[in-house]
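Chemist: Quick one: this structure, given as structure tokens, is what I'll be asking you about.
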Amino acid sequence: MENLFSYIEKIIPGINDAWDREKISDLAILNTPEAVLSKNSFLLNADMKFIWFSWFIESIYDYHKASDDISYPEVVSSVRRGLLKTGFNESDQKFNEVWKSISRLTYKLISKSSGRSREHLTRSTKYDLIERSKGAPYCWICGHRFSNESIDKFSNIDAEIKLPELIDYFLQKGLKERDLKIEVEHKMPFISGGGDLSDLDNIELCCGFCNRYKWKFISIYDANRSLKTFIHPRTGNTSIPQPYWAIRMLALAEGCSEPNCTAKKEKTALFVDLINDIGSATPTNLKVVCKKHLKNRGDRFLGREHFENRNTNRNSFI
Ligand SMILES: [Zn+2]
Ligand SMILES: [Zn+2]
């Protein structure tokens, strides 16, 4: 609590001084107490590192401009020039090691993302993926169990996917057919260099909903930082998370976070819920639970008629 208090004393005036260089410098060296990041501090810290690192790598050498047939020695030489122009010195300790690591990574990113055409999803790959799930396929991100109709459709058999009567307002999956269809998902996005359909380690089955919101994002900060609002028929103006935040947490979760609960994603669908139910749905206030452990279950699932024009973006105070 003491850490939190001294943090609050500095950060509150900082909000008003966001355009003041000196005040901002003070904030930069301020450590963020664990309490602010909640139980999700591992995710919030790790994802920030991905962002900073990807900016750093791209600042050394803009590999998006490289031609498809660029050779490894050319990349190595560009990375060296980039490091020198950035202000590093060849006599710096570990310069060569840093240079080599960045060159290798950059070359990998170029050769994996350039000039590739997407492979076509064949019937036999689809069959292999259904087989791999032992005939009970589910979304690797949210644990949603696919219906027989979805499996038929995926297997090119004529079928109609029934849309559910009730929709979870928090993550509005099932408003359209695509949400419940089986799609093949590249864990590491194809456009970011992830392996394509023949790389079975990089592909998983996923519901159309999760696939759509996961898109090419990898970090929780990639999605819009604002919260959304849903006009709930009982509780009124209610905050809901950016779908991607929920997707990122669901993808990393193995099961329900409730102590002593044994519900695992291989067996059941998972949901995100608020840690503190009178707080907003920020990434620091979300947890993954099974259906049984949703706090206000009665309010969560609403008839389809409640979902027309009820979502808006909410302004944040900063
Ligand atoms: Zn899903
Ligand atoms: Zn549970």
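Starting from 1 in every chain, residues are counted up; chains themselves are A, B, ... following the order of the structure tokens, and ligands are numbered from 1 as listed.
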For ligand 1, collect every residue having any atom at a distance of at most 9 Å from a ligand atom (counting only C-alpha atoms and all ligand atoms); output as an mmCIF file with all heavy atoms, in the first residue's frame.

Modeler:
data_model
loop_
_atom_site.group_PDB
_atom_site.id
_atom_site.type_symbol
_atom_site.label_atom_id
_atom_site.label_comp_id
_atom_site.auth_asym_id
_atom_site.auth_seq_id
_atom_site.Cartn_x
_atom_site.Cartn_y
_atom_site.Cartn_z
ATOM 1 N N TYR A 138 -12.150 -27.932 -30.908
ATOM 2 C CA TYR A 138 -12.542 -26.713 -30.195
ATOM 3 C C TYR A 138 -11.574 -25.590 -30.547
ATOM 4 O O TYR A 138 -10.488 -25.831 -31.054
ATOM 5 C CB TYR A 138 -12.562 -26.961 -28.680
ATOM 6 C CG TYR A 138 -11.236 -27.364 -28.078
ATOM 7 C CD1 TYR A 138 -10.339 -26.406 -27.586
ATOM 8 C CD2 TYR A 138 -10.860 -28.696 -28.004
ATOM 9 C CE1 TYR A 138 -9.126 -26.774 -27.028
ATOM 10 C CE2 TYR A 138 -9.633 -29.080 -27.457
ATOM 11 C CZ TYR A 138 -8.775 -28.110 -26.967
ATOM 12 O OH TYR A 138 -7.565 -28.477 -26.438
ATOM 13 N N CYS A 139 -12.003 -24.374 -30.244
ATOM 14 C CA CYS A 139 -11.173 -23.195 -30.546
ATOM 15 C C CYS A 139 -9.978 -23.172 -29.585
ATOM 16 O O CYS A 139 -10.182 -23.214 -28.367
ATOM 17 C CB CYS A 139 -12.013 -21.938 -30.383
ATOM 18 S SG CYS A 139 -11.070 -20.414 -30.425
ATOM 19 N N TRP A 140 -8.775 -23.090 -30.113
ATOM 20 C CA TRP A 140 -7.602 -23.135 -29.221
ATOM 21 C C TRP A 140 -7.508 -21.883 -28.358
ATOM 22 O O TRP A 140 -6.870 -21.882 -27.315
ATOM 23 C CB TRP A 140 -6.296 -23.336 -30.013
ATOM 24 C CG TRP A 140 -5.715 -22.077 -30.607
ATOM 25 C CD1 TRP A 140 -6.020 -21.523 -31.805
ATOM 26 C CD2 TRP A 140 -4.713 -21.216 -30.020
ATOM 27 N NE1 TRP A 140 -5.308 -20.366 -32.008
ATOM 28 C CE2 TRP A 140 -4.487 -20.153 -30.923
ATOM 29 C CE3 TRP A 140 -3.992 -21.231 -28.822
ATOM 30 C CZ2 TRP A 140 -3.581 -19.123 -30.677
ATOM 31 C CZ3 TRP A 140 -3.094 -20.194 -28.581
ATOM 32 C CH2 TRP A 140 -2.890 -19.154 -29.501
ATOM 33 N N ILE A 141 -8.201 -20.809 -28.768
ATOM 34 C CA ILE A 141 -8.128 -19.571 -27.999
ATOM 35 C C ILE A 141 -9.149 -19.559 -26.860
ATOM 36 O O ILE A 141 -8.789 -19.357 -25.705
ATOM 37 C CB ILE A 141 -8.342 -18.352 -28.928
ATOM 38 C CG1 ILE A 141 -7.139 -18.234 -29.861
ATOM 39 C CG2 ILE A 141 -8.552 -17.071 -28.122
ATOM 40 C CD1 ILE A 141 -7.253 -17.150 -30.898
ATOM 41 N N CYS A 142 -10.425 -19.797 -27.183
ATOM 42 C CA CYS A 142 -11.462 -19.624 -26.150
ATOM 43 C C CYS A 142 -12.047 -20.941 -25.668
ATOM 44 O O CYS A 142 -12.831 -20.954 -24.716
ATOM 45 C CB CYS A 142 -12.576 -18.716 -26.656
ATOM 46 S SG CYS A 142 -13.598 -19.466 -27.931
ATOM 47 N N GLY A 143 -11.697 -22.038 -26.306
ATOM 48 C CA GLY A 143 -12.206 -23.336 -25.853
ATOM 49 C C GLY A 143 -13.623 -23.635 -26.325
ATOM 50 O O GLY A 143 -14.206 -24.641 -25.926
ATOM 51 N N HIS A 144 -14.187 -22.771 -27.181
ATOM 52 C CA HIS A 144 -15.529 -23.017 -27.719
ATOM 53 C C HIS A 144 -15.573 -24.370 -28.441
ATOM 54 O O HIS A 144 -14.705 -24.657 -29.251
ATOM 55 C CB HIS A 144 -15.895 -21.879 -28.685
ATOM 56 C CG HIS A 144 -17.101 -22.135 -29.522
ATOM 57 N ND1 HIS A 144 -18.375 -21.982 -29.027
ATOM 58 C CD2 HIS A 144 -17.232 -22.549 -30.810
ATOM 59 C CE1 HIS A 144 -19.240 -22.283 -29.995
ATOM 60 N NE2 HIS A 144 -18.571 -22.633 -31.080
ATOM 61 N N ARG A 145 -16.571 -25.203 -28.103
ATOM 62 C CA ARG A 145 -16.735 -26.499 -28.771
ATOM 63 C C ARG A 145 -17.474 -26.296 -30.086
ATOM 64 O O ARG A 145 -18.567 -25.701 -30.074
ATOM 65 C CB ARG A 145 -17.580 -27.432 -27.906
ATOM 66 C CG ARG A 145 -16.912 -28.239 -26.838
ATOM 67 C CD ARG A 145 -15.857 -27.582 -26.093
ATOM 68 N NE ARG A 145 -14.784 -28.541 -25.811
ATOM 69 C CZ ARG A 145 -13.617 -28.218 -25.299
ATOM 70 N NH1 ARG A 145 -13.340 -26.961 -25.031
ATOM 71 N NH2 ARG A 145 -12.708 -29.126 -25.088
ATOM 72 N N LYS A 173 -19.935 -13.041 -29.177
ATOM 73 C CA LYS A 173 -19.681 -14.088 -30.166
ATOM 74 C C LYS A 173 -20.989 -14.788 -30.503
ATOM 75 O O LYS A 173 -21.727 -15.156 -29.606
ATOM 76 C CB LYS A 173 -18.690 -15.085 -29.560
ATOM 77 C CG LYS A 173 -18.325 -16.210 -30.481
ATOM 78 C CD LYS A 173 -17.170 -17.014 -29.932
ATOM 79 C CE LYS A 173 -17.500 -17.592 -28.577
ATOM 80 N NZ LYS A 173 -16.312 -18.095 -27.899
ATOM 81 N N ASP A 179 -18.759 -16.120 -36.776
ATOM 82 C CA ASP A 179 -18.258 -16.245 -35.401
ATOM 83 C C ASP A 179 -18.079 -17.701 -34.988
ATOM 84 O O ASP A 179 -17.209 -18.030 -34.199
ATOM 85 C CB ASP A 179 -19.250 -15.611 -34.414
ATOM 86 C CG ASP A 179 -19.321 -14.095 -34.532
ATOM 87 O OD1 ASP A 179 -18.567 -13.536 -35.349
ATOM 88 O OD2 ASP A 179 -20.134 -13.491 -33.818
ATOM 89 N N LEU A 180 -18.974 -18.553 -35.469
ATOM 90 C CA LEU A 180 -19.023 -19.934 -34.977
ATOM 91 C C LEU A 180 -18.438 -20.934 -35.969
ATOM 92 O O LEU A 180 -18.440 -22.140 -35.736
ATOM 93 C CB LEU A 180 -20.466 -20.318 -34.643
ATOM 94 C CG LEU A 180 -21.156 -19.355 -33.669
ATOM 95 C CD1 LEU A 180 -22.612 -19.707 -33.520
ATOM 96 C CD2 LEU A 180 -20.464 -19.353 -32.316
ATOM 97 N N LEU A 205 -7.015 -24.869 -34.928
ATOM 98 C CA LEU A 205 -8.405 -24.555 -35.229
ATOM 99 C C LEU A 205 -8.880 -23.466 -34.276
ATOM 100 O O LEU A 205 -8.485 -23.438 -33.109
ATOM 101 C CB LEU A 205 -9.277 -25.796 -35.045
ATOM 102 C CG LEU A 205 -8.988 -26.928 -36.015
ATOM 103 C CD1 LEU A 205 -9.870 -28.125 -35.704
ATOM 104 C CD2 LEU A 205 -9.191 -26.468 -37.451
ATOM 105 N N CYS A 206 -9.702 -22.619 -34.788
ATOM 106 C CA CYS A 206 -10.118 -21.475 -33.981
ATOM 107 C C CYS A 206 -11.468 -21.019 -34.492
ATOM 108 O O CYS A 206 -11.809 -21.241 -35.652
ATOM 109 C CB CYS A 206 -9.011 -20.465 -34.168
ATOM 110 S SG CYS A 206 -9.352 -18.769 -34.057
ATOM 111 N N CYS A 207 -12.290 -20.426 -33.624
ATOM 112 C CA CYS A 207 -13.579 -19.969 -34.129
ATOM 113 C C CYS A 207 -13.380 -18.665 -34.908
ATOM 114 O O CYS A 207 -12.428 -17.918 -34.672
ATOM 115 C CB CYS A 207 -14.628 -19.836 -33.022
ATOM 116 S SG CYS A 207 -14.201 -18.812 -31.640
ATOM 117 N N GLY A 208 -14.268 -18.425 -35.855
ATOM 118 C CA GLY A 208 -14.135 -17.261 -36.712
ATOM 119 C C GLY A 208 -14.057 -15.982 -35.898
ATOM 120 O O GLY A 208 -13.357 -15.034 -36.251
ATOM 121 N N PHE A 209 -14.771 -15.946 -34.777
ATOM 122 C CA PHE A 209 -14.781 -14.764 -33.926
ATOM 123 C C PHE A 209 -13.378 -14.459 -33.397
ATOM 124 O O PHE A 209 -12.870 -13.346 -33.534
ATOM 125 C CB PHE A 209 -15.746 -14.991 -32.755
ATOM 126 C CG PHE A 209 -15.839 -13.823 -31.821
ATOM 127 C CD1 PHE A 209 -16.757 -12.810 -32.053
ATOM 128 C CD2 PHE A 209 -15.008 -13.726 -30.722
ATOM 129 C CE1 PHE A 209 -16.840 -11.725 -31.198
ATOM 130 C CE2 PHE A 209 -15.082 -12.645 -29.858
ATOM 131 C CZ PHE A 209 -16.006 -11.633 -30.098
ATOM 132 N N CYS A 210 -12.757 -15.457 -32.773
ATOM 133 C CA CYS A 210 -11.425 -15.237 -32.197
ATOM 134 C C CYS A 210 -10.408 -14.905 -33.283
ATOM 135 O O CYS A 210 -9.545 -14.053 -33.109
ATOM 136 C CB CYS A 210 -10.971 -16.468 -31.418
ATOM 137 S SG CYS A 210 -11.928 -16.722 -29.915
ATOM 138 N N ASN A 211 -10.531 -15.590 -34.408
ATOM 139 C CA ASN A 211 -9.592 -15.356 -35.506
ATOM 140 C C ASN A 211 -9.687 -13.908 -36.001
ATOM 141 O O ASN A 211 -8.680 -13.239 -36.222
ATOM 142 C CB ASN A 211 -9.918 -16.323 -36.648
ATOM 143 C CG ASN A 211 -8.741 -16.502 -37.584
ATOM 144 O OD1 ASN A 211 -7.619 -16.117 -37.266
ATOM 145 N ND2 ASN A 211 -8.998 -17.084 -38.736
ATOM 146 N N ILE A 247 -9.229 -11.915 -26.034
ATOM 147 C CA ILE A 247 -8.668 -12.990 -26.875
ATOM 148 C C ILE A 247 -7.241 -13.319 -26.416
ATOM 149 O O ILE A 247 -6.860 -14.478 -26.303
ATOM 150 C CB ILE A 247 -8.625 -12.542 -28.359
ATOM 151 C CG1 ILE A 247 -10.003 -12.175 -28.872
ATOM 152 C CG2 ILE A 247 -7.940 -13.580 -29.246
ATOM 153 C CD1 ILE A 247 -10.959 -13.263 -29.081
ATOM 154 N N LEU A 250 -7.425 -15.174 -23.114
ATOM 155 C CA LEU A 250 -7.973 -16.521 -23.292
ATOM 156 C C LEU A 250 -6.940 -17.429 -23.959
ATOM 157 O O LEU A 250 -6.761 -18.577 -23.571
ATOM 158 C CB LEU A 250 -9.241 -16.464 -24.151
ATOM 159 C CG LEU A 250 -10.481 -15.886 -23.468
ATOM 160 C CD1 LEU A 250 -11.561 -15.538 -24.484
ATOM 161 C CD2 LEU A 250 -11.031 -16.875 -22.443
ATOM 162 N N ALA A 251 -6.231 -16.878 -24.943
ATOM 163 C CA ALA A 251 -5.246 -17.696 -25.667
ATOM 164 C C ALA A 251 -4.138 -18.184 -24.744
ATOM 165 O O ALA A 251 -3.613 -19.281 -24.911
ATOM 166 C CB ALA A 251 -4.661 -16.904 -26.834
ATOM 167 N N ALA A 269 -15.391 -24.469 -22.604
ATOM 168 C CA ALA A 269 -15.151 -23.104 -23.074
ATOM 169 C C ALA A 269 -14.794 -22.210 -21.887
ATOM 170 O O ALA A 269 -15.256 -22.432 -20.779
ATOM 171 C CB ALA A 269 -16.397 -22.569 -23.762
#

Chemist: May I have all residues of stretch 171-278 of chain A that DSSP, computed from the backbone, assigns to helix (DSSP H, G or I), given as a VMD selection string?

Modeler: chain A and resid 177 to 180 190 to 192 208 to 214 220 to 222 243 to 252

Chemist: Taking only C-alpha atoms and all ligand atoms and a cut-off of 8 Å, can you tell me which residues surround ligand 2, written as a VMD selection string?

Modeler: chain A and resid 255 to 263 289 to 293

Chemist: Write a file of the just-selected residues containing C-alpha atoms, as an mmCIF file, in the first residue's frame.

Modeler:
data_model
loop_
_atom_site.group_PDB
_atom_site.id
_atom_site.type_symbol
_atom_site.label_atom_id
_atom_site.label_comp_id
_atom_site.auth_asym_id
_atom_site.auth_seq_id
_atom_site.Cartn_x
_atom_site.Cartn_y
_atom_site.Cartn_z
ATOM 1 C CA GLY A 255 -8.090 -23.168 -17.613
ATOM 2 C CA CYS A 256 -10.272 -21.353 -15.109
ATOM 3 C CA SER A 257 -8.298 -19.053 -12.783
ATOM 4 C CA GLU A 258 -10.585 -19.658 -9.811
ATOM 5 C CA PRO A 259 -8.595 -21.403 -7.055
ATOM 6 C CA ASN A 260 -9.352 -25.130 -6.899
ATOM 7 C CA CYS A 261 -11.341 -25.106 -10.129
ATOM 8 C CA THR A 262 -10.212 -27.873 -12.455
ATOM 9 C CA ALA A 263 -11.958 -26.644 -15.621
ATOM 10 C CA VAL A 289 -12.893 -18.265 -15.734
ATOM 11 C CA CYS A 290 -15.158 -21.162 -16.635
ATOM 12 C CA LYS A 291 -18.874 -20.603 -17.119
ATOM 13 C CA LYS A 292 -19.648 -21.793 -13.590
ATOM 14 C CA HIS A 293 -17.405 -19.122 -12.092
#

Chemist: Which of these, A:Ile24, A:Leu227, A:Thr32, A:Lys295, has the shortest distance to A:Ile8 once you count only C-alpha atoms?

Modeler: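 Closest candidate: A:Thr32.
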
Chemist: Here is a test: counting only C-alpha atoms, which residue of A:Gln93, A:Thr235, A:Ser103, A:Thr125 is nearest to A:Val76?

Modeler: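 Distance minimum relative to A:Val76 lands on A:Ser103.
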
Chemist: I'd like to know which of A:Lys39, A:Met1, A:Tyr169, A:Glu266 is closest to A:Ala136, using only C-alpha atoms.

Modeler: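 Of A:Lys39, A:Met1, A:Tyr169, A:Glu266, the one nearest A:Ala136, counting only C-alpha atoms, is A:Glu266.
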
Chemist: Hey, which of A:Tyr221, A:Tyr213, A:Tyr63, A:Phe271 ends up closest to A:Phe301? Count only C-alpha atoms.

Modeler: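 Selected residue with least distance to A:Phe301: A:Phe271.
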